[in-house]
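Here is the file structure_8.tsv (TSV, C-alpha atoms).
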chain	number	residue	atom	x	y	z
A	1	MET	CA	43.26	-128.33	-31.92
A	2	LYS	CA	46.20	-130.75	-32.14
A	3	ASP	CA	48.76	-128.00	-31.75
A	4	ARG	CA	47.06	-126.74	-28.69
A	5	ASP	CA	47.08	-130.20	-27.11
A	6	ARG	CA	50.79	-130.62	-27.82
A	7	ILE	CA	51.61	-127.26	-26.31
A	8	ALA	CA	49.56	-128.12	-23.23
A	9	GLU	CA	51.51	-131.39	-22.77
A	10	ASP	CA	54.87	-129.61	-23.04
A	11	GLU	CA	53.75	-127.06	-20.54
A	12	GLU	CA	52.68	-129.81	-18.18
A	13	GLU	CA	56.15	-131.34	-18.27
A	14	ASP	CA	57.95	-128.05	-17.72
A	15	SER	CA	55.50	-126.37	-15.43
A	16	ALA	CA	56.49	-126.27	-11.81
A	17	THR	CA	53.03	-125.51	-10.55
A	18	ILE	CA	51.78	-129.08	-10.68
A	19	ARG	CA	53.04	-131.16	-7.81
A	20	LYS	CA	54.31	-134.51	-8.92
A	21	ASN	CA	53.73	-137.26	-6.41
A	22	ASP	CA	56.73	-139.40	-5.72
A	23	ALA	CA	55.66	-143.05	-5.75
A	24	VAL	CA	58.35	-144.01	-3.23
A	25	SER	CA	57.33	-141.47	-0.62
A	26	THR	CA	53.66	-142.31	-1.15
A	27	SER	CA	54.28	-146.01	-0.57
A	28	SER	CA	56.44	-145.37	2.50
A	29	LEU	CA	53.69	-143.14	3.85
A	30	MET	CA	51.17	-145.91	3.28
A	31	ASP	CA	53.50	-148.38	5.00
A	32	PHE	CA	53.66	-146.14	8.02
A	33	GLY	CA	49.88	-145.84	8.03
A	34	LEU	CA	49.53	-149.62	7.99
A	35	TYR	CA	52.08	-149.83	10.82
A	36	VAL	CA	49.92	-147.51	12.92
A	37	ALA	CA	46.90	-149.66	12.08
A	38	GLU	CA	48.77	-152.77	13.24
A	39	CYS	CA	49.84	-151.12	16.50
A	40	MET	CA	46.33	-149.96	17.38
A	41	PRO	CA	44.09	-152.63	15.87
A	42	LYS	CA	41.24	-152.04	18.30
A	43	TYR	CA	40.50	-148.49	17.22
A	44	VAL	CA	41.84	-147.93	13.71
A	45	GLN	CA	39.16	-148.56	11.11
A	46	LYS	CA	40.69	-147.26	7.92
A	47	VAL	CA	43.91	-145.78	6.60
A	48	GLN	CA	43.97	-143.69	3.46
A	49	ILE	CA	46.15	-141.28	1.53
A	50	VAL	CA	44.38	-138.20	0.28
A	51	THR	CA	45.55	-135.89	-2.51
A	52	GLY	CA	48.73	-137.81	-3.07
A	53	ASN	CA	50.68	-137.15	0.08
A	54	GLU	CA	48.41	-136.71	3.12
A	55	LEU	CA	47.99	-139.66	5.45
A	56	GLU	CA	44.67	-140.07	7.24
A	57	VAL	CA	43.81	-142.56	9.96
A	58	LEU	CA	40.11	-143.11	10.66
A	59	ILE	CA	39.33	-144.30	14.16
A	60	ALA	CA	36.43	-145.08	16.43
A	61	PRO	CA	35.49	-142.27	18.86
A	62	ASP	CA	36.41	-144.15	22.05
A	63	GLY	CA	39.90	-144.56	20.70
A	64	ILE	CA	40.72	-140.88	20.27
A	65	VAL	CA	42.78	-140.44	23.44
A	66	PRO	CA	44.67	-143.78	23.18
A	67	VAL	CA	45.53	-143.21	19.50
A	68	LEU	CA	46.64	-139.61	20.04
A	69	GLN	CA	48.71	-140.66	23.04
A	70	PHE	CA	50.30	-143.42	20.93
A	71	LEU	CA	51.08	-141.05	18.08
A	72	LYS	CA	52.58	-138.55	20.47
A	73	ASP	CA	54.71	-140.88	22.58
A	74	HIS	CA	55.73	-143.78	20.35
A	75	HIS	CA	59.36	-143.62	19.28
A	76	GLN	CA	58.65	-144.22	15.61
A	77	CYS	CA	55.80	-141.69	15.49
A	78	GLN	CA	56.69	-138.71	17.74
A	79	PHE	CA	53.84	-136.51	16.53
A	80	ALA	CA	54.41	-134.13	19.36
A	81	SER	CA	52.68	-131.12	17.87
A	82	LEU	CA	48.94	-130.75	17.56
A	83	ALA	CA	48.48	-128.43	14.61
A	84	ASP	CA	44.70	-128.18	14.57
A	85	ILE	CA	41.42	-129.74	15.62
A	86	GLY	CA	38.53	-129.22	13.26
A	87	ALA	CA	35.20	-130.78	12.53
A	88	MET	CA	32.97	-131.44	9.56
A	89	ASP	CA	29.21	-131.64	9.39
A	90	VAL	CA	27.63	-134.12	7.01
A	91	PRO	CA	23.94	-134.02	7.93
A	92	SER	CA	23.03	-137.05	5.83
A	93	ARG	CA	25.10	-139.37	7.99
A	94	GLU	CA	23.91	-140.88	11.27
A	95	ASN	CA	27.04	-139.64	13.02
A	96	ARG	CA	26.88	-136.28	11.37
A	97	PHE	CA	30.05	-134.73	12.80
A	98	GLU	CA	33.58	-135.75	11.90
A	99	VAL	CA	36.23	-134.58	14.38
A	100	ILE	CA	39.60	-134.11	12.70
A	101	TYR	CA	42.98	-133.89	14.46
A	102	ASN	CA	46.02	-132.67	12.50
A	103	LEU	CA	49.36	-133.71	13.99
A	104	LEU	CA	52.90	-132.76	13.05
A	105	SER	CA	56.09	-134.65	13.81
A	106	LEU	CA	59.08	-132.35	14.05
A	107	ARG	CA	61.48	-135.25	14.44
A	108	PHE	CA	60.42	-136.97	11.21
A	109	ASN	CA	59.05	-133.92	9.35
A	110	SER	CA	55.73	-135.48	8.58
A	111	ARG	CA	52.08	-134.88	9.21
A	112	ILE	CA	49.18	-137.18	9.94
A	113	ARG	CA	45.45	-136.64	10.21
A	114	VAL	CA	43.32	-138.54	12.71
A	115	LYS	CA	39.61	-138.55	12.00
A	116	SER	CA	36.78	-139.72	14.18
A	117	TYR	CA	33.02	-139.33	14.22
A	118	THR	CA	30.15	-138.50	16.54
A	119	ASP	CA	26.58	-137.32	16.43
A	120	GLU	CA	24.92	-134.34	18.07
A	121	LEU	CA	24.32	-135.93	21.45
A	122	THR	CA	27.27	-138.23	22.06
A	123	PRO	CA	30.21	-136.63	23.88
A	124	VAL	CA	33.77	-137.21	22.75
A	125	ASP	CA	36.72	-137.54	25.13
A	126	SER	CA	38.81	-134.41	25.38
A	127	SER	CA	42.45	-134.73	24.33
A	128	TYR	CA	43.54	-132.01	26.77
A	129	GLU	CA	45.49	-134.59	28.79
A	130	VAL	CA	47.52	-135.50	25.68
A	131	PHE	CA	47.93	-132.09	24.04
A	132	LYS	CA	47.44	-128.89	26.05
A	133	ALA	CA	46.86	-127.09	22.77
A	134	ALA	CA	43.58	-128.96	22.42
A	135	ASP	CA	42.04	-126.59	24.98
A	136	TRP	CA	40.98	-123.77	22.68
A	137	TYR	CA	40.59	-125.93	19.58
A	138	GLU	CA	38.01	-128.07	21.36
A	139	ARG	CA	36.26	-124.97	22.65
A	140	GLU	CA	36.05	-123.79	19.03
A	141	VAL	CA	34.59	-127.11	17.86
A	142	TRP	CA	32.07	-126.99	20.72
A	143	ASP	CA	31.11	-123.42	19.90
A	144	MET	CA	30.83	-123.89	16.14
A	145	TYR	CA	29.37	-127.40	15.93
A	146	GLY	CA	28.04	-128.36	19.34
A	147	VAL	CA	30.28	-131.40	19.85
A	148	PHE	CA	30.62	-131.90	23.59
A	149	PHE	CA	34.07	-132.83	24.93
A	150	ALA	CA	33.99	-134.79	28.17
A	151	ASN	CA	36.66	-134.03	30.79
A	152	HIS	CA	37.55	-130.74	29.20
A	153	PRO	CA	38.77	-128.29	31.88
A	154	ASP	CA	36.79	-125.30	30.60
A	155	LEU	CA	34.36	-125.95	27.78
A	156	ARG	CA	32.62	-122.70	26.93
A	157	ARG	CA	32.06	-120.46	23.94
A	158	ILE	CA	35.09	-118.87	22.36
A	159	LEU	CA	34.10	-117.15	19.10
A	160	THR	CA	30.38	-116.40	19.32
A	161	ASP	CA	28.86	-113.53	21.24
A	162	TYR	CA	27.88	-114.04	24.89
A	163	GLY	CA	24.20	-114.54	24.47
A	164	PHE	CA	24.46	-116.29	21.11
A	165	GLU	CA	22.29	-119.33	20.51
A	166	GLY	CA	23.05	-121.93	17.95
A	167	HIS	CA	26.09	-123.54	16.41
A	168	PRO	CA	27.03	-121.55	13.31
A	169	PHE	CA	29.11	-124.06	11.34
A	170	ARG	CA	26.34	-126.63	11.19
A	171	LYS	CA	24.93	-127.09	7.73
A	172	ASP	CA	21.41	-126.27	8.90
A	173	PHE	CA	22.46	-122.91	10.32
A	174	PRO	CA	21.80	-120.27	7.63
A	175	LEU	CA	24.61	-118.17	6.19
A	176	THR	CA	22.98	-114.92	7.29
A	177	GLY	CA	22.14	-116.21	10.77
A	178	TYR	CA	18.90	-115.68	12.63
A	179	VAL	CA	19.47	-112.35	14.42
A	180	GLU	CA	21.06	-109.06	13.54
A	181	VAL	CA	22.27	-106.27	15.82
A	182	ARG	CA	21.91	-102.56	15.31
A	183	TYR	CA	22.28	-99.44	17.36
A	184	ASP	CA	18.86	-98.07	18.26
A	185	ASP	CA	19.04	-94.31	18.64
A	186	GLU	CA	15.84	-94.09	20.69
A	187	ALA	CA	16.83	-96.69	23.23
A	188	LYS	CA	20.49	-95.57	23.07
A	189	ARG	CA	21.76	-99.11	23.06
A	190	VAL	CA	22.47	-102.00	20.77
A	191	VAL	CA	19.35	-104.08	20.10
A	192	VAL	CA	19.11	-107.63	18.80
A	193	GLU	CA	16.43	-108.30	16.19
A	194	PRO	CA	15.54	-111.07	13.77
A	195	VAL	CA	17.55	-110.66	10.59
A	196	GLU	CA	15.95	-108.75	7.73
A	197	LEU	CA	17.64	-108.61	4.34
A	198	ALA	CA	16.90	-105.59	2.19
A	199	GLN	CA	17.09	-107.65	-0.98
A	200	GLU	CA	16.57	-111.32	-1.58
A	201	PHE	CA	19.61	-113.44	-0.82
A	202	ARG	CA	21.44	-113.92	-4.11
A	203	LYS	CA	22.99	-117.25	-4.90
A	204	PHE	CA	25.47	-117.08	-7.74
A	205	ASP	CA	25.87	-120.02	-10.04
A	206	LEU	CA	29.61	-120.04	-10.52
A	207	SER	CA	29.93	-122.58	-13.30
A	208	SER	CA	31.19	-121.00	-16.51
A	209	PRO	CA	30.80	-122.42	-20.02
A	210	TRP	CA	34.57	-122.58	-20.42
A	211	GLU	CA	36.89	-125.16	-18.91
A	212	THR	CA	38.62	-123.57	-15.92
A	213	PHE	CA	41.75	-125.73	-15.62
A	214	PRO	CA	42.76	-126.95	-19.08
A	215	ASN	CA	46.18	-128.11	-17.82
A	216	PHE	CA	44.65	-130.51	-15.32
A	217	ARG	CA	42.41	-132.50	-17.63
A	218	ALA	CA	44.32	-135.71	-16.89
A	219	VAL	CA	44.24	-135.42	-13.10
A	220	SER	CA	41.01	-136.41	-11.37
A	221	ALA	CA	39.93	-134.53	-8.24
A	222	GLY	CA	41.25	-135.83	-4.89
A	223	THR	CA	42.87	-139.11	-5.88
A	224	GLU	CA	42.94	-141.51	-2.93
A	225	GLU	CA	44.43	-144.86	-2.31
A	226	ASP	CA	42.25	-146.82	0.02
A	227	LYS	CA	43.59	-149.78	1.84
A	228	THR	CA	41.02	-150.85	4.40
A	229	LYS	CA	42.28	-153.25	7.01
A	230	ALA	CA	40.22	-156.38	7.53
A	231	THR	CA	38.14	-155.96	10.67
B	1	MET	CA	53.66	-80.91	23.35
B	2	ASP	CA	51.30	-83.88	23.59
B	3	LYS	CA	51.61	-85.77	26.82
B	4	SER	CA	50.86	-89.45	27.12
B	5	SER	CA	48.18	-90.23	29.63
B	6	MET	CA	47.06	-93.47	31.17
B	7	THR	CA	43.75	-94.26	32.75
B	8	ILE	CA	43.10	-97.42	34.66
B	9	LEU	CA	39.57	-98.49	33.81
B	10	ASN	CA	38.90	-99.96	37.21
B	11	GLU	CA	39.57	-96.64	38.91
B	12	GLU	CA	37.03	-94.69	36.87
B	13	THR	CA	33.59	-95.02	38.33
B	14	SER	CA	31.82	-92.96	35.67
B	15	GLY	CA	31.76	-95.80	33.15
B	16	GLY	CA	29.87	-98.16	35.37
B	17	LEU	CA	30.46	-100.51	38.22
B	18	LEU	CA	33.37	-102.93	37.94
B	19	ILE	CA	34.29	-105.73	40.29
B	20	ASN	CA	37.83	-105.23	41.57
B	21	SER	CA	38.17	-108.43	43.55
B	22	TYR	CA	36.22	-111.27	45.15
B	23	SER	CA	36.66	-113.53	48.14
B	24	ARG	CA	34.81	-116.12	50.16
B	25	VAL	CA	33.01	-113.30	51.88
B	26	GLY	CA	31.97	-110.95	49.11
B	27	PHE	CA	33.06	-108.55	46.41
B	28	ARG	CA	34.96	-105.29	46.26
B	29	LEU	CA	33.83	-102.79	43.63
B	30	ASN	CA	35.68	-100.01	41.89
B	31	ASN	CA	33.69	-97.28	43.63
B	32	GLY	CA	35.19	-98.30	46.94
B	33	MET	CA	32.24	-100.30	48.15
B	34	MET	CA	32.49	-103.77	49.60
B	35	ALA	CA	29.50	-106.09	49.27
B	36	PHE	CA	29.01	-109.12	51.49
B	37	GLY	CA	27.37	-112.30	50.28
B	38	PRO	CA	25.68	-112.98	46.96
B	39	ILE	CA	25.03	-109.87	44.88
B	40	ALA	CA	22.83	-108.72	42.05
B	41	ILE	CA	24.95	-106.18	40.19
B	42	PHE	CA	23.79	-103.81	37.44
B	43	PRO	CA	25.64	-101.27	35.25
B	44	LYS	CA	25.47	-98.53	37.83
B	45	SER	CA	23.99	-100.07	40.97
B	46	ILE	CA	24.23	-103.09	43.21
B	47	LEU	CA	21.88	-105.03	45.43
B	48	SER	CA	22.26	-107.92	47.80
B	49	TRP	CA	20.80	-111.15	46.48
B	50	ASN	CA	18.81	-113.46	48.65
B	51	VAL	CA	20.09	-116.94	47.86
B	52	GLN	CA	21.91	-119.45	50.02
B	53	SER	CA	23.76	-121.35	47.31
B	54	ALA	CA	23.64	-122.19	43.63
B	55	GLU	CA	20.82	-124.68	44.24
B	56	ASP	CA	18.57	-121.81	45.24
B	57	ILE	CA	18.81	-120.21	41.82
B	58	ASN	CA	15.32	-120.65	40.42
B	59	GLU	CA	12.58	-118.64	38.72
B	60	ASP	CA	11.75	-116.77	41.90
B	61	SER	CA	15.28	-115.72	42.74
B	62	LEU	CA	15.83	-114.57	39.14
B	63	SER	CA	12.50	-112.76	38.96
B	64	LEU	CA	14.14	-109.39	39.60
B	65	PHE	CA	16.14	-109.59	36.40
B	66	TYR	CA	13.34	-110.00	33.96
B	67	THR	CA	10.98	-107.50	35.51
B	68	LEU	CA	13.39	-104.62	35.05
B	69	GLU	CA	13.10	-101.89	32.42
B	70	PRO	CA	15.07	-101.41	30.18
B	71	LYS	CA	15.34	-105.10	29.52
B	72	ILE	CA	18.85	-106.39	30.09
B	73	ASP	CA	20.72	-107.95	27.18
B	74	ILE	CA	22.50	-110.60	29.09
B	75	LEU	CA	22.50	-111.99	32.60
B	76	VAL	CA	25.83	-113.30	33.88
B	77	ILE	CA	25.37	-115.89	36.61
B	78	GLY	CA	28.29	-116.85	38.85
B	79	ILE	CA	27.48	-120.09	40.57
B	80	GLY	CA	30.36	-120.04	43.06
B	81	ASP	CA	32.42	-123.20	42.87
B	82	PRO	CA	32.84	-125.27	39.71
B	83	ASP	CA	31.15	-128.32	41.21
B	84	GLN	CA	27.94	-126.54	42.12
B	85	LYS	CA	24.86	-127.82	40.39
B	86	VAL	CA	22.33	-125.50	38.79
B	87	SER	CA	18.90	-126.59	37.67
B	88	HIS	CA	18.65	-126.71	33.88
B	89	ASN	CA	15.09	-125.42	33.55
B	90	ILE	CA	16.19	-121.88	34.46
B	91	ILE	CA	18.00	-121.69	31.12
B	92	LYS	CA	14.83	-122.48	29.23
B	93	TYR	CA	12.82	-120.24	31.53
B	94	MET	CA	15.01	-117.21	30.95
B	95	LYS	CA	15.07	-117.93	27.22
B	96	ASP	CA	11.27	-117.70	27.25
B	97	LYS	CA	11.60	-114.34	28.90
B	98	LYS	CA	14.03	-113.35	26.12
B	99	ILE	CA	17.06	-112.86	28.38
B	100	ASN	CA	20.38	-114.40	27.32
B	101	LEU	CA	22.21	-116.31	30.04
B	102	GLU	CA	25.88	-116.89	30.58
B	103	ILE	CA	26.39	-119.36	33.42
B	104	SER	CA	29.92	-120.01	34.72
B	105	THR	CA	31.99	-120.09	37.90
B	106	THR	CA	32.09	-116.82	39.83
B	107	GLU	CA	35.75	-116.22	39.00
B	108	ARG	CA	34.97	-116.10	35.30
B	109	ALA	CA	31.59	-114.45	35.75
B	110	CYS	CA	33.19	-111.43	37.46
B	111	ALA	CA	35.52	-110.87	34.53
B	112	THR	CA	32.69	-111.38	32.03
B	113	PHE	CA	30.50	-108.85	33.83
B	114	ASN	CA	33.39	-106.37	33.89
B	115	PHE	CA	34.15	-106.31	30.25
B	116	LEU	CA	30.51	-106.45	29.18
B	117	ASN	CA	29.86	-103.42	31.34
B	118	VAL	CA	32.86	-101.53	29.97
B	119	GLU	CA	31.57	-102.19	26.44
B	120	GLY	CA	28.38	-100.42	27.43
B	121	ARG	CA	26.00	-103.35	27.09
B	122	CYS	CA	22.97	-103.78	29.30
B	123	VAL	CA	24.34	-106.52	31.49
B	124	ALA	CA	23.34	-107.72	34.94
B	125	GLY	CA	25.27	-110.06	37.19
B	126	ALA	CA	23.98	-112.56	39.71
B	127	LEU	CA	27.08	-113.62	41.62
B	128	ILE	CA	27.57	-116.00	44.53
B	129	PRO	CA	30.91	-115.77	46.37
B	130	PRO	CA	33.07	-118.85	45.74
B	131	THR	CA	34.33	-120.97	48.60
B	132	LYS	CA	37.23	-122.57	46.72
B	133	TYR	CA	39.48	-120.59	44.44
B	134	ARG	CA	43.14	-120.29	43.54
B	135	ILE	CA	45.20	-117.45	44.92
B	136	ASN	CA	48.66	-116.36	43.93
B	137	GLU	CA	51.28	-114.21	45.65
B	138	ASP	CA	50.05	-111.06	43.97
B	139	ASP	CA	46.61	-111.59	45.51
B	140	ILE	CA	48.06	-112.11	48.97
B	141	LEU	CA	50.20	-108.97	48.77
B	142	SER	CA	47.42	-106.74	47.48
B	143	THR	CA	45.07	-108.00	50.19
B	144	GLN	CA	47.63	-107.18	52.86
B	145	ARG	CA	48.10	-103.75	51.42
B	146	GLN	CA	44.33	-103.32	51.36
B	147	ASN	CA	44.01	-104.28	55.00
B	148	ARG	CA	46.67	-101.87	56.07
B	149	LYS	CA	44.82	-99.23	54.18
B	150	LEU	CA	41.61	-100.09	55.97
B	151	MET	CA	43.25	-99.54	59.29
B	152	THR	CA	44.70	-96.13	58.46
B	153	VAL	CA	42.04	-94.42	56.40
B	154	ASP	CA	38.47	-95.25	57.27
B	155	GLU	CA	36.63	-94.28	54.07
B	156	TYR	CA	35.20	-97.57	52.79
B	157	GLN	CA	31.49	-98.08	52.98
B	158	ILE	CA	30.23	-101.50	53.73
B	159	ILE	CA	26.72	-102.60	52.75

Would you write out, as structure tokens, the structure that this file holds?
Amino acid sequence: MKDRDRIAEDEEEDSATIRKNDAVSTSSLMDFGLYVAECMPKYVQKVQIVTGNELEVLIAPDGIVPVLQFLKDHHQCQFASLADIGAMDVPSRENRFEVIYNLLSLRFNSRIRVKSYTDELTPVDSSYEVFKAADWYEREVWDMYGVFFANHPDLRRILTDYGFEGHPFRKDFPLTGYVEVRYDDEAKRVVVEPVELAQEFRKFDLSSPWETFPNFRAVSAGTEEDKTKAT
Amino acid sequence: MDKSSMTILNEETSGGLLINSYSRVGFRLNNGMMAFGPIAIFPKSILSWNVQSAEDINEDSLSLFYTLEPKIDILVIGIGDPDQKVSHNIIKYMKDKKINLEISTTERACATFNFLNVEGRCVAGALIPPTKYRINEDDILSTQRQNRKLMTVDEYQII
């Protein structure tokens, strides 16, 4: 047992597959996050660093357009590229949807994540005026989650079929969906019917009796440093 | 030797009706027909639709679409201009009748009807001509060419 532990430690030191987080870059990232919080005190609620090197800024929903405009235009930020807009559904919360904007600064080679929240009925301002790329990303979030974006030039479905009802990425939408399509030979057309599974839906329990990542025993999942600003 | 061949979908009428172009006045179809005013268009046929504007779209004016056999998969409604208002209870009403709706401006509704029809789905279109739309140089030139054609060869039917 002891030998095995020693070998594992040596491997950890030599192995290149484990990313080591540089304390200096982490602290400078946190400094920048606090700077953003100081510049936009009205909207920024929390700043955190996730998984060692990803900066996240949590803001109130009416501050989405001002904060994104600030991050895009400010000389020290210059996050001119919108990489992605996504959303997350946590049904237990009052504001069940989190809207997540991923920005990239080409000038400073860094990324930042802006997160906000909303519920099923409250619309969120569209960031189309700030980033043209937001057009299709916001259509995707509308289609998949049902988050309405106000002042969007063309908010309609983008991934689901034309007559599709429902928002598939919500946690209460089943994995198999509600309807299935098949070609009906008698009617000579594609018909839409409620979904019928030939066998019961199988849910696999994927936990094994053996430890899956023995090299990572020391590292806890998703280490974060939280520094909440006093509101 | 195998030759390459090209077919322009809009010029084949066997696959179904396609809308070639639209204007303030009406719609031009790929079978050479020109339709004036709001239309109710089906995979292989077209009718004139009796509505004045998007506000007139209600259960009565949509009654044709749900009484048809075979039942249509999806009804594409073109409301004309983007700022037109449509009453929201028609969505629920058509859902009760088990017909899927796709409501948008007429510009987009024409394109949606076209590619749903080419895919072979049972689609119907209820389209109102728009009063405001963007045109580009290509549109202007093709319209001029069209008009010159109208003057020389008189083979277009007008309903």

Self-check item: Shell around Ala109 of chain B at 8 Å using all atoms listed in the file, local window under 2 positions removed, as number ranges by chain
Solution: B: 76-78, 103-107, 111-113, 125, 127

Quiz item: Looking at B:Lys132, B:Arg145, B:Lys71, B:His88, which one is nearest to chain A, with distances taken over all atoms listed in the file?
Solution: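 Of B:Lys132, B:Arg145, B:Lys71, B:His88, the one nearest chain A, counting all atoms listed in the file, is B:Lys71.
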
Sorted by chain and rising residue number, which residues of chain B lie within 8 Å of chain A, and what are their closest atom pairs and distances in Å to one decimal, counting all atoms listed in the file, as a Markdown table?
| residue | atom | partner | partner_atom | distance |
| --- | --- | --- | --- | --- |
| B:Asp73 | CA | A:Gly163 | CA | 7.9 |
| B:Ile74 | CA | A:Gly163 | CA | 6.3 |
| B:Asn100 | CA | A:Gly163 | CA | 4.8 |
| B:Leu101 | CA | A:Gly163 | CA | 6.2 |
| B:Glu102 | CA | A:Tyr162 | CA | 6.7 |
| B:Arg121 | CA | A:Arg189 | CA | 7.2 |
| B:Cys122 | CA | A:Arg189 | CA | 7.9 |

Quiz item: Quick one: of A:Asp84, A:Thr51, A:Val36, A:Trp210, who's nearest to Phe70 of chain A, counting only C-alpha atoms?
Solution: A:Val36

Exercise. Please identify all polymer residues lying at most 10 Å from the point (48.9, -139.6, -3.7) (file coordinates), using only C-alpha atoms, and present the result as a VMD selection string.
Key: chain A and resid 20 to 23 25 to 27 29 to 30 48 to 55 222 to 225

Practice problem: Using only C-alpha atoms, find the one residue out of B:Gly80, B:Gly15, B:Val123, B:Pro70 that sits nearest to Gln52 of chain B. | Solution: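 That would be B:Gly80, the residue with the smallest distance to Gln52 of chain B.
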
Quiz item: What does the distance between atom CA of Ser53 of chain B and atom CA of Ser87 of chain B come to in Å, to one decimal place?
Solution: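 Interatomic distance, atom CA of Ser53 of chain B to atom CA of Ser87 of chain B: 12.0 Å.
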
Self-check item: Option closest in space to Ala126 of chain B, from B:Asn89, B:Asn50, B:Thr13, B:Asn30 [counting only C-alpha atoms]
Solution: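 Among the listed residues, B:Asn50 lies closest to Ala126 of chain B.
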
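Here atom CA of Asn117 of chain B stands at a distance of 6.6 Å from atom CA of Gly16 of chain B.
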
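We find atom CA of Glu11 of chain B and atom CA of Leu68 of chain B to be spaced 27.6 Å apart.
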
Quiz item: Restricting the calculation to only C-alpha atoms, which member of B:Ser14, B:Leu47, B:Tyr66, B:Met1 is positioned closest to Ala35 of chain B?
Solution: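 Nearest candidate to Ala35 of chain B out of B:Ser14, B:Leu47, B:Tyr66, B:Met1: B:Leu47.
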
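If only C-alpha atoms are the atoms counted, then among B:Phe115, B:Tyr93, B:Glu12, B:Thr7 the closest residue to Asp60 of chain B is B:Tyr93.
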
Practice problem: In the coordinate frame of the file, compute which residues have an atom within 12 Å of (34.9, -132.8, 11.9) when using all atoms listed in the file, and state them as number ranges by chain. | Solution: A: 58, 61, 84-91, 95-102, 113-120, 124, 137-138, 140-142, 144-147, 169-170
